[in-house]
$ cat work_33.tsv   # TSV, C-alpha atoms
chain	number	residue	atom	x	y	z
A	340	MET	CA	0.28	6.76	-13.30
A	341	LEU	CA	3.80	5.42	-12.60
A	342	ASN	CA	6.85	7.68	-12.63
A	343	HIS	CA	9.19	5.90	-15.04
A	344	ASP	CA	12.30	7.51	-13.54
A	345	CYS	CA	12.03	5.43	-10.37
A	346	ASN	CA	14.74	2.82	-9.99
A	347	PHE	CA	14.41	0.15	-7.33
A	348	THR	CA	16.49	-2.46	-9.14
A	349	PRO	CA	16.86	-4.98	-6.27
A	350	LEU	CA	13.08	-5.15	-5.84
A	351	LYS	CA	12.54	-5.44	-9.59
A	352	ASN	CA	15.12	-8.22	-9.88
A	353	LYS	CA	13.55	-10.06	-6.96
A	354	LEU	CA	10.14	-9.83	-8.64
A	355	LYS	CA	11.57	-11.17	-11.92
A	356	GLU	CA	13.11	-14.13	-10.09
A	357	GLN	CA	9.82	-14.87	-8.34
A	358	LEU	CA	7.79	-14.72	-11.56
A	359	THR	CA	10.35	-16.90	-13.36
A	360	ASP	CA	10.06	-19.48	-10.58
A	361	ILE	CA	6.24	-19.38	-10.83
A	362	THR	CA	6.40	-19.84	-14.62
A	363	ARG	CA	8.70	-22.84	-14.23
A	364	GLN	CA	6.39	-24.38	-11.66
A	365	LEU	CA	3.30	-23.84	-13.84
A	366	GLN	CA	5.02	-25.44	-16.82
A	367	HIS	CA	5.81	-28.47	-14.68
A	368	ILE	CA	2.17	-28.72	-13.58
A	369	ILE	CA	0.90	-28.50	-17.18
A	370	LEU	CA	3.29	-31.26	-18.30
A	371	ASN	CA	2.02	-33.55	-15.52
A	372	LEU	CA	-1.72	-32.97	-16.05
A	373	ASP	CA	-2.09	-36.12	-18.18
A	374	GLN	CA	-0.63	-38.36	-15.48
A	375	ASP	CA	-3.61	-39.74	-13.58
A	376	SER	CA	-1.44	-40.82	-10.68
A	377	SER	CA	-0.08	-37.32	-10.14
A	378	CYS	CA	-1.74	-35.19	-7.43
A	379	LEU	CA	-1.06	-31.56	-8.15
A	380	LEU	CA	-2.85	-29.98	-5.18
A	381	GLY	CA	0.34	-29.53	-3.21
A	382	GLU	CA	2.11	-27.97	-6.19
A	383	LEU	CA	-0.81	-25.62	-6.84
A	384	ASP	CA	-0.74	-24.53	-3.21
A	385	HIS	CA	2.98	-23.83	-3.58
A	386	VAL	CA	2.29	-21.69	-6.67
A	387	ARG	CA	-0.41	-19.80	-4.78
A	388	THR	CA	2.08	-19.00	-2.02
A	389	LYS	CA	4.60	-17.81	-4.61
A	390	PHE	CA	1.96	-15.56	-6.19
A	391	LEU	CA	1.23	-13.96	-2.81
A	392	GLU	CA	4.94	-13.34	-2.31
A	393	ALA	CA	5.18	-11.82	-5.78
A	394	GLU	CA	2.21	-9.56	-5.01
A	395	SER	CA	3.95	-8.36	-1.86
A	396	ILE	CA	7.17	-7.57	-3.75
A	397	SER	CA	5.23	-5.84	-6.54
A	398	SER	CA	3.20	-3.74	-4.11
A	399	THR	CA	6.33	-2.58	-2.30
A	400	TYR	CA	7.99	-1.70	-5.61
A	401	TYR	CA	5.08	0.35	-6.93
A	402	LEU	CA	4.43	2.11	-3.63
A	403	ASN	CA	8.07	3.22	-3.50
A	404	CYS	CA	7.87	4.43	-7.11
A	405	PHE	CA	4.71	6.43	-6.42
A	406	LEU	CA	6.17	8.00	-3.29
A	407	PHE	CA	9.80	8.73	-4.09
A	408	PRO	CA	9.29	11.79	-6.37
A	409	PHE	CA	7.40	13.53	-3.55
A	410	THR	CA	9.18	12.47	-0.36
A	411	SER	CA	12.58	11.04	0.48
A	412	LYS	CA	10.95	9.35	3.50
A	413	TYR	CA	9.12	6.70	1.47
A	414	GLN	CA	10.90	3.88	3.31
A	415	GLU	CA	9.84	5.27	6.70
A	416	ILE	CA	6.24	5.51	5.47
A	417	ALA	CA	6.28	1.96	4.07
A	418	LYS	CA	7.78	0.66	7.33
A	419	SER	CA	5.09	2.34	9.41
A	420	ILE	CA	2.33	0.94	7.20
A	421	TYR	CA	3.76	-2.55	7.61
A	422	HIS	CA	3.90	-2.25	11.41
A	423	LEU	CA	0.42	-0.74	11.66
A	424	SER	CA	-0.93	-3.57	9.51
A	425	GLN	CA	0.68	-6.20	11.72
A	426	LYS	CA	-0.90	-4.61	14.82
A	427	LYS	CA	-4.28	-4.07	13.07
A	428	ARG	CA	-4.23	-0.35	13.86
A	429	GLY	CA	-6.47	1.67	11.59
A	430	ALA	CA	-4.61	4.43	9.75
A	431	LEU	CA	-5.14	7.02	7.03
A	432	ILE	CA	-2.09	8.79	5.55
A	433	VAL	CA	-2.35	11.42	2.82
A	434	ILE	CA	0.71	12.08	0.66
A	435	GLN	CA	0.46	15.48	-0.99
A	436	ARG	CA	1.83	15.54	-4.53
A	437	GLU	CA	1.26	18.42	-6.98
A	438	ASP	CA	-2.20	19.62	-5.90
A	439	GLY	CA	-2.71	21.78	-2.83
A	440	LEU	CA	-4.95	20.04	-0.29
A	441	ASP	CA	-5.64	22.62	2.41
A	442	SER	CA	-8.95	23.69	0.91
A	443	LEU	CA	-10.09	20.10	0.31
A	444	MET	CA	-10.07	18.85	3.91
A	445	THR	CA	-11.15	20.01	7.33
A	446	PRO	CA	-7.88	20.89	9.09
A	447	GLY	CA	-6.80	18.92	12.12
A	448	ILE	CA	-3.98	19.44	14.61
A	449	PRO	CA	-0.73	21.00	13.29
A	450	LEU	CA	2.42	18.97	13.91
A	451	SER	CA	5.18	20.11	11.51
A	452	ALA	CA	7.42	17.19	12.44
A	453	GLU	CA	9.90	15.23	10.35
A	454	ILE	CA	8.58	11.86	9.19
A	455	THR	CA	9.73	8.82	11.12
A	456	SER	CA	8.11	5.42	11.33
A	457	PRO	CA	7.81	5.49	15.16
A	458	LEU	CA	6.10	8.90	15.05
A	459	LEU	CA	3.60	7.84	12.39
A	460	GLU	CA	2.83	4.67	14.33
A	461	SER	CA	2.35	6.57	17.59
A	462	ILE	CA	-0.22	8.87	15.99
A	463	PHE	CA	-2.49	5.91	15.28
A	464	VAL	CA	-2.40	4.34	18.73
A	465	PRO	CA	-6.05	3.52	19.58
A	466	ASP	CA	-7.84	6.08	21.77
A	467	SER	CA	-5.10	8.68	21.27
A	468	PRO	CA	-6.32	12.25	20.48
A	469	LEU	CA	-4.88	11.97	16.94
A	470	HIS	CA	-6.07	8.45	16.12
A	471	ASP	CA	-9.18	9.44	14.18
A	472	GLY	CA	-8.81	11.30	10.91
A	473	ALA	CA	-5.95	11.51	8.45
A	474	VAL	CA	-2.30	12.46	8.67
A	475	LEU	CA	-1.14	14.92	6.02
A	476	VAL	CA	2.39	14.39	4.66
A	477	ARG	CA	4.13	17.00	2.54
A	478	LYS	CA	7.64	16.20	1.35
A	479	GLU	CA	9.65	15.16	4.42
A	480	MET	CA	7.22	16.51	7.00
A	481	ILE	CA	4.09	15.39	8.82
A	482	ILE	CA	2.12	18.62	8.48
A	483	SER	CA	-0.90	17.74	10.61
A	484	ALA	CA	-3.00	14.92	12.03
A	485	ALA	CA	-6.71	14.31	12.70
A	486	ASN	CA	-7.67	15.93	9.39
A	487	VAL	CA	-11.17	15.17	8.09
A	488	LEU	CA	-11.40	14.18	4.41
A	489	PRO	CA	-14.40	14.35	2.07
A	490	LEU	CA	-16.21	11.02	1.69
A	491	THR	CA	-16.90	9.45	-1.67
A	492	ALA	CA	-20.42	8.65	-2.82
A	493	LYS	CA	-19.03	5.74	-4.87
A	494	THR	CA	-20.20	2.21	-4.06
A	495	TYR	CA	-18.44	-1.09	-4.72
A	496	GLY	CA	-21.43	-3.33	-5.38
A	497	ASP	CA	-22.29	-5.32	-2.26
A	498	ARG	CA	-18.96	-4.51	-0.65
A	499	LYS	CA	-19.32	-2.19	2.32
A	500	LEU	CA	-16.56	0.36	2.63
A	501	GLY	CA	-15.48	1.75	5.99
A	502	THR	CA	-15.11	5.46	6.67
A	503	ARG	CA	-11.34	5.43	6.15
A	504	HIS	CA	-11.63	3.84	2.72
A	505	ARG	CA	-14.46	6.17	1.69
A	506	ALA	CA	-12.36	9.14	2.81
A	507	ALA	CA	-9.31	7.91	0.88
A	508	ILE	CA	-11.35	7.55	-2.30
A	509	GLY	CA	-13.14	10.85	-1.71
A	510	LEU	CA	-9.96	12.93	-1.52
A	511	SER	CA	-8.27	11.14	-4.42
A	512	GLU	CA	-11.33	11.79	-6.62
A	513	ILE	CA	-10.76	15.56	-6.38
A	514	SER	CA	-6.95	15.73	-6.17
A	515	ASP	CA	-3.80	13.90	-7.22
A	516	ALA	CA	-3.05	12.90	-3.60
A	517	LEU	CA	-1.93	9.36	-2.83
A	518	VAL	CA	-3.75	8.04	0.22
A	519	LEU	CA	-2.66	5.02	2.27
A	520	VAL	CA	-5.20	3.09	4.35
A	521	VAL	CA	-4.86	0.40	7.01
A	522	SER	CA	-8.04	-1.41	8.01
A	523	GLU	CA	-8.61	-1.61	11.75
A	524	GLU	CA	-10.81	-4.70	11.33
A	525	THR	CA	-8.52	-6.82	9.15
A	526	GLY	CA	-5.11	-5.13	9.13
A	527	LYS	CA	-5.23	-5.16	5.32
A	528	THR	CA	-3.55	-2.25	3.58
A	529	SER	CA	-4.57	-0.31	0.47
A	530	PHE	CA	-3.59	2.79	-1.41
A	531	CYS	CA	-5.86	5.08	-3.37
A	532	MET	CA	-5.13	7.20	-6.44
A	533	GLU	CA	-7.46	8.94	-8.87
A	534	GLY	CA	-10.53	7.57	-7.11
A	535	THR	CA	-9.45	3.94	-7.32
A	536	LEU	CA	-8.56	1.71	-4.37
A	537	TYR	CA	-5.72	-0.78	-4.84
A	538	PRO	CA	-4.77	-3.64	-2.50
A	539	LEU	CA	-1.32	-3.32	-0.98
A	540	SER	CA	0.78	-6.06	0.57
A	541	ILE	CA	4.01	-4.65	2.00
A	542	SER	CA	6.75	-7.11	2.85
A	543	SER	CA	8.65	-7.05	6.11
A	544	PRO	CA	11.17	-4.15	6.20
$ encode --input "work_33.tsv" --output "structure tokens"
Amino acid sequence: MLNHDCNFTPLKNKLKEQLTDITRQLQHIILNLDQDSSCLLGELDHVRTKFLEAESISSTYYLNCFLFPFTSKYQEIAKSIYHLSQKKRGALIVIQREDGLDSLMTPGIPLSAEITSPLLESIFVPDSPLHDGAVLVRKEMIISAANVLPLTAKTYGDRKLGTRHRAAIGLSEISDALVLVVSEETGKTSFCMEGTLYPLSISSP
């Protein structure tokens, strides 16, 4: 799943430092468990915060690794996802990899524009003509917007999936595309590969 040639050493080193700090903190908590007078709630809350930070670093690292063999604009894409998440603007971005996708989606509006974060963000402004549907990215270009993707029939137990998430899963079930999703309701971000949805927590650019 992961391209092992990717090298984002600063992110990897930052993640190692964070996990080392968490390990040290957990060891301290374990050593103090037998002390009845010691309240560990504050320390556990600190560890939880550190885990969330580590998740954010890890998500950024893996997203960059998944994207970089197929587009040099991975930082622009990650930046736009972060901004869209902060503004709670729903978004659906398809990154074409090896498989051709033209026959797998209903075509939208051609754009053929170079990828920039401001352009991607402007496409998903609410009530704009291009807001609904998916953006198709191929290499360094935004090929089209307002594309309609096939929806998955998969269910996640009692969890109700929105149309964007069902579309992301649906396309990734029948192709090797990587699909990024921002929830309009919560601002939470995800990416989908091989029919599986993964949570994504991108740190501030």
$ atom_distance --input "work_33.tsv" --atom1 "CA of Pro538 in chain A" --atom2 "CA of Gln364 in chain A"
25.3 Å
$ atom_distance --input "work_33.tsv" --atom1 "CA of Ile454 in chain A" --atom2 "CA of Glu523 in chain A"
22.0 Å
$ closest_atom_pairs --input "work_33.tsv" --of "range 353-448 of chain A" --to "range 511-516 of chain A" --cutoff "9 Å" --atoms "all atoms listed in the file" --output "tab-separated table"
residue	atom	partner	partner_atom	distance
A:Val433	CA	A:Ala516	CA	6.6
A:Ile434	CA	A:Ala516	CA	5.7
A:Gln435	CA	A:Ala516	CA	5.1
A:Arg436	CA	A:Ala516	CA	5.6
A:Glu437	CA	A:Asp515	CA	6.8
A:Asp438	CA	A:Asp515	CA	6.1
A:Gly439	CA	A:Ser514	CA	8.1
A:Leu440	CA	A:Ser514	CA	7.6
A:Leu443	CA	A:Ile513	CA	8.1
$ residues_near_point --input "work_33.tsv" --point "(1.0, -10.5, -5.2)" --cutoff "10 Å" --atoms "only C-alpha atoms" --output "MDAnalysis selection string"
chainID A and resid 354 387:399 538:541
$ atom_distance --input "work_33.tsv" --atom1 "CA of Pro468 in chain A" --atom2 "CA of Lys499 in chain A"
26.6 Å
$ residues_around --input "work_33.tsv" --residues "Ala484 in chain A" --least-positions-apart "6" --cutoff "6 Å" --atoms "all atoms listed in the file" --output "NGL selection string"
:A and (447-448 or 473-474)
$ residues_near_point --input "work_33.tsv" --point "(-16.3, 12.5, -3.6)" --cutoff "12 Å" --atoms "all atoms listed in the file" --output "tab-separated table (two decimals) with C-alpha atoms, in the coordinates of the input"
chain	number	residue	atom	x	y	z
A	443	LEU	CA	-10.09	20.10	0.31
A	444	MET	CA	-10.07	18.85	3.91
A	488	LEU	CA	-11.40	14.18	4.41
A	489	PRO	CA	-14.40	14.35	2.07
A	490	LEU	CA	-16.21	11.02	1.69
A	491	THR	CA	-16.90	9.45	-1.67
A	492	ALA	CA	-20.42	8.65	-2.82
A	493	LYS	CA	-19.03	5.74	-4.87
A	494	THR	CA	-20.20	2.21	-4.06
A	504	HIS	CA	-11.63	3.84	2.72
A	505	ARG	CA	-14.46	6.17	1.69
A	506	ALA	CA	-12.36	9.14	2.81
A	507	ALA	CA	-9.31	7.91	0.88
A	508	ILE	CA	-11.35	7.55	-2.30
A	509	GLY	CA	-13.14	10.85	-1.71
A	510	LEU	CA	-9.96	12.93	-1.52
A	511	SER	CA	-8.27	11.14	-4.42
A	512	GLU	CA	-11.33	11.79	-6.62
A	513	ILE	CA	-10.76	15.56	-6.38
A	514	SER	CA	-6.95	15.73	-6.17
A	533	GLU	CA	-7.46	8.94	-8.87
A	534	GLY	CA	-10.53	7.57	-7.11
A	535	THR	CA	-9.45	3.94	-7.32
$ residues_around --input "work_33.tsv" --residues "range 460-467 of chain A" --least-positions-apart "4" --cutoff "10 Å" --atoms "only C-alpha atoms" --output "number ranges by chain"
A: 416, 418-423, 426, 428-431, 455-456, 471-474, 484-485, 523
$ closest_residue --input "work_33.tsv" --among "A:Val487, A:Val518, A:Ala417, A:Leu379" --to "Phe530 in chain A" --atoms "all atoms listed in the file"
A:Val518
$ axis_aligned_box --input "work_33.tsv" --around "range 438-443 of chain A" --padding-each-side "8 Å" --output "AutoDock Vina command-line options"
--center_x -6.1 --center_y 21.7 --center_z -1.7 --size_x 23.9 --size_y 20.1 --size_z 24.3
$ closest_residue --input "work_33.tsv" --among "A:Met480, A:Asn371, A:Ser442, A:Leu365" --to "Leu458 in chain A" --atoms "only C-alpha atoms"
A:Met480
$ closest_residue --input "work_33.tsv" --among "A:Leu500, A:Ser529, A:Val521, A:Phe347" --to "Phe407 in chain A" --atoms "only C-alpha atoms"
A:Phe347
$ closest_residue --input "work_33.tsv" --among "A:Lys478, A:Met532, A:Tyr401, A:Leu380" --to "Lys351 in chain A" --atoms "all atoms listed in the file"
A:Tyr401
$ closest_residue --input "work_33.tsv" --among "A:Lys412, A:Arg363, A:Arg503, A:His385" --to "Ile432 in chain A" --atoms "only C-alpha atoms"
A:Arg503
$ decode --input "work_33.tsv" --residues "range 366-391 of chain A" --atoms "N, CA, C and O atoms" --output "PDB file, in the first residue's frame"
ATOM      1  N   GLN A 366       5.305   5.260  30.848  1.00  0.00           N
ATOM      2  CA  GLN A 366       6.141   4.562  31.838  1.00  0.00           C
ATOM      3  C   GLN A 366       6.045   5.244  33.199  1.00  0.00           C
ATOM      4  O   GLN A 366       5.984   4.584  34.246  1.00  0.00           O
ATOM      5  N   HIS A 367       6.011   6.555  33.190  1.00  0.00           N
ATOM      6  CA  HIS A 367       5.872   7.310  34.441  1.00  0.00           C
ATOM      7  C   HIS A 367       4.530   7.013  35.109  1.00  0.00           C
ATOM      8  O   HIS A 367       4.455   6.821  36.335  1.00  0.00           O
ATOM      9  N   ILE A 368       3.470   6.938  34.306  1.00  0.00           N
ATOM     10  CA  ILE A 368       2.139   6.650  34.834  1.00  0.00           C
ATOM     11  C   ILE A 368       2.093   5.257  35.457  1.00  0.00           C
ATOM     12  O   ILE A 368       1.549   5.053  36.543  1.00  0.00           O
ATOM     13  N   ILE A 369       2.675   4.273  34.752  1.00  0.00           N
ATOM     14  CA  ILE A 369       2.687   2.894  35.257  1.00  0.00           C
ATOM     15  C   ILE A 369       3.422   2.805  36.594  1.00  0.00           C
ATOM     16  O   ILE A 369       2.977   2.136  37.538  1.00  0.00           O
ATOM     17  N   LEU A 370       4.547   3.510  36.705  1.00  0.00           N
ATOM     18  CA  LEU A 370       5.340   3.476  37.938  1.00  0.00           C
ATOM     19  C   LEU A 370       4.587   4.089  39.114  1.00  0.00           C
ATOM     20  O   LEU A 370       4.842   3.737  40.285  1.00  0.00           O
ATOM     21  N   ASN A 371       3.663   5.009  38.828  1.00  0.00           N
ATOM     22  CA  ASN A 371       2.953   5.709  39.895  1.00  0.00           C
ATOM     23  C   ASN A 371       1.568   5.122  40.186  1.00  0.00           C
ATOM     24  O   ASN A 371       0.843   5.667  41.027  1.00  0.00           O
ATOM     25  N   LEU A 372       1.208   4.024  39.532  1.00  0.00           N
ATOM     26  CA  LEU A 372      -0.125   3.446  39.728  1.00  0.00           C
ATOM     27  C   LEU A 372      -0.349   2.966  41.154  1.00  0.00           C
ATOM     28  O   LEU A 372      -1.474   2.977  41.658  1.00  0.00           O
ATOM     29  N   ASP A 373       0.706   2.504  41.831  1.00  0.00           N
ATOM     30  CA  ASP A 373       0.564   1.953  43.180  1.00  0.00           C
ATOM     31  C   ASP A 373       0.514   3.034  44.253  1.00  0.00           C
ATOM     32  O   ASP A 373       0.330   2.727  45.437  1.00  0.00           O
ATOM     33  N   GLN A 374       0.684   4.282  43.874  1.00  0.00           N
ATOM     34  CA  GLN A 374       0.632   5.365  44.857  1.00  0.00           C
ATOM     35  C   GLN A 374      -0.805   5.885  44.954  1.00  0.00           C
ATOM     36  O   GLN A 374      -1.299   6.561  44.052  1.00  0.00           O
ATOM     37  N   ASP A 375      -1.472   5.537  46.043  1.00  0.00           N
ATOM     38  CA  ASP A 375      -2.880   5.892  46.203  1.00  0.00           C
ATOM     39  C   ASP A 375      -3.115   7.399  46.169  1.00  0.00           C
ATOM     40  O   ASP A 375      -4.185   7.863  45.794  1.00  0.00           O
ATOM     41  N   SER A 376      -2.123   8.153  46.573  1.00  0.00           N
ATOM     42  CA  SER A 376      -2.290   9.608  46.648  1.00  0.00           C
ATOM     43  C   SER A 376      -2.092  10.292  45.296  1.00  0.00           C
ATOM     44  O   SER A 376      -2.304  11.488  45.169  1.00  0.00           O
ATOM     45  N   SER A 377      -1.686   9.516  44.315  1.00  0.00           N
ATOM     46  CA  SER A 377      -1.371  10.103  43.005  1.00  0.00           C
ATOM     47  C   SER A 377      -2.603  10.082  42.099  1.00  0.00           C
ATOM     48  O   SER A 377      -3.192   9.035  41.871  1.00  0.00           O
ATOM     49  N   CYS A 378      -3.006  11.258  41.610  1.00  0.00           N
ATOM     50  CA  CYS A 378      -4.117  11.352  40.648  1.00  0.00           C
ATOM     51  C   CYS A 378      -3.531  11.461  39.248  1.00  0.00           C
ATOM     52  O   CYS A 378      -2.789  12.408  38.941  1.00  0.00           O
ATOM     53  N   LEU A 379      -3.844  10.489  38.430  1.00  0.00           N
ATOM     54  CA  LEU A 379      -3.216  10.412  37.119  1.00  0.00           C
ATOM     55  C   LEU A 379      -4.094  10.949  35.993  1.00  0.00           C
ATOM     56  O   LEU A 379      -3.726  10.864  34.823  1.00  0.00           O
ATOM     57  N   LEU A 380      -5.266  11.492  36.335  1.00  0.00           N
ATOM     58  CA  LEU A 380      -6.193  11.920  35.287  1.00  0.00           C
ATOM     59  C   LEU A 380      -5.587  13.002  34.399  1.00  0.00           C
ATOM     60  O   LEU A 380      -5.740  12.993  33.179  1.00  0.00           O
ATOM     61  N   GLY A 381      -4.902  13.942  35.049  1.00  0.00           N
ATOM     62  CA  GLY A 381      -4.286  15.016  34.279  1.00  0.00           C
ATOM     63  C   GLY A 381      -3.211  14.493  33.351  1.00  0.00           C
ATOM     64  O   GLY A 381      -3.102  14.930  32.196  1.00  0.00           O
ATOM     65  N   GLU A 382      -2.419  13.535  33.849  1.00  0.00           N
ATOM     66  CA  GLU A 382      -1.350  12.960  33.019  1.00  0.00           C
ATOM     67  C   GLU A 382      -1.931  12.146  31.865  1.00  0.00           C
ATOM     68  O   GLU A 382      -1.399  12.171  30.743  1.00  0.00           O
ATOM     69  N   LEU A 383      -3.020  11.420  32.123  1.00  0.00           N
ATOM     70  CA  LEU A 383      -3.656  10.654  31.052  1.00  0.00           C
ATOM     71  C   LEU A 383      -4.230  11.579  29.979  1.00  0.00           C
ATOM     72  O   LEU A 383      -4.171  11.284  28.778  1.00  0.00           O
ATOM     73  N   ASP A 384      -4.773  12.697  30.407  1.00  0.00           N
ATOM     74  CA  ASP A 384      -5.290  13.676  29.445  1.00  0.00           C
ATOM     75  C   ASP A 384      -4.153  14.239  28.600  1.00  0.00           C
ATOM     76  O   ASP A 384      -4.314  14.463  27.393  1.00  0.00           O
ATOM     77  N   HIS A 385      -2.997  14.451  29.218  1.00  0.00           N
ATOM     78  CA  HIS A 385      -1.825  14.926  28.481  1.00  0.00           C
ATOM     79  C   HIS A 385      -1.384  13.898  27.436  1.00  0.00           C
ATOM     80  O   HIS A 385      -1.055  14.257  26.298  1.00  0.00           O
ATOM     81  N   VAL A 386      -1.404  12.621  27.827  1.00  0.00           N
ATOM     82  CA  VAL A 386      -1.024  11.551  26.883  1.00  0.00           C
ATOM     83  C   VAL A 386      -2.012  11.491  25.719  1.00  0.00           C
ATOM     84  O   VAL A 386      -1.620  11.316  24.558  1.00  0.00           O
ATOM     85  N   ARG A 387      -3.300  11.650  26.038  1.00  0.00           N
ATOM     86  CA  ARG A 387      -4.312  11.642  24.980  1.00  0.00           C
ATOM     87  C   ARG A 387      -4.049  12.761  23.963  1.00  0.00           C
ATOM     88  O   ARG A 387      -4.126  12.550  22.756  1.00  0.00           O
ATOM     89  N   THR A 388      -3.711  13.938  24.458  1.00  0.00           N
ATOM     90  CA  THR A 388      -3.394  15.059  23.571  1.00  0.00           C
ATOM     91  C   THR A 388      -2.176  14.731  22.706  1.00  0.00           C
ATOM     92  O   THR A 388      -2.163  15.026  21.505  1.00  0.00           O
ATOM     93  N   LYS A 389      -1.177  14.113  23.312  1.00  0.00           N
ATOM     94  CA  LYS A 389       0.025  13.743  22.566  1.00  0.00           C
ATOM     95  C   LYS A 389      -0.290  12.709  21.484  1.00  0.00           C
ATOM     96  O   LYS A 389       0.265  12.748  20.383  1.00  0.00           O
ATOM     97  N   PHE A 390      -1.196  11.773  21.800  1.00  0.00           N
ATOM     98  CA  PHE A 390      -1.592  10.774  20.804  1.00  0.00           C
ATOM     99  C   PHE A 390      -2.286  11.449  19.621  1.00  0.00           C
ATOM    100  O   PHE A 390      -2.060  11.073  18.459  1.00  0.00           O
ATOM    101  N   LEU A 391      -3.147  12.408  19.887  1.00  0.00           N
ATOM    102  CA  LEU A 391      -3.832  13.122  18.802  1.00  0.00           C
ATOM    103  C   LEU A 391      -2.833  13.870  17.930  1.00  0.00           C
ATOM    104  O   LEU A 391      -2.962  13.909  16.698  1.00  0.00           O
TER     105      LEU A 391
END
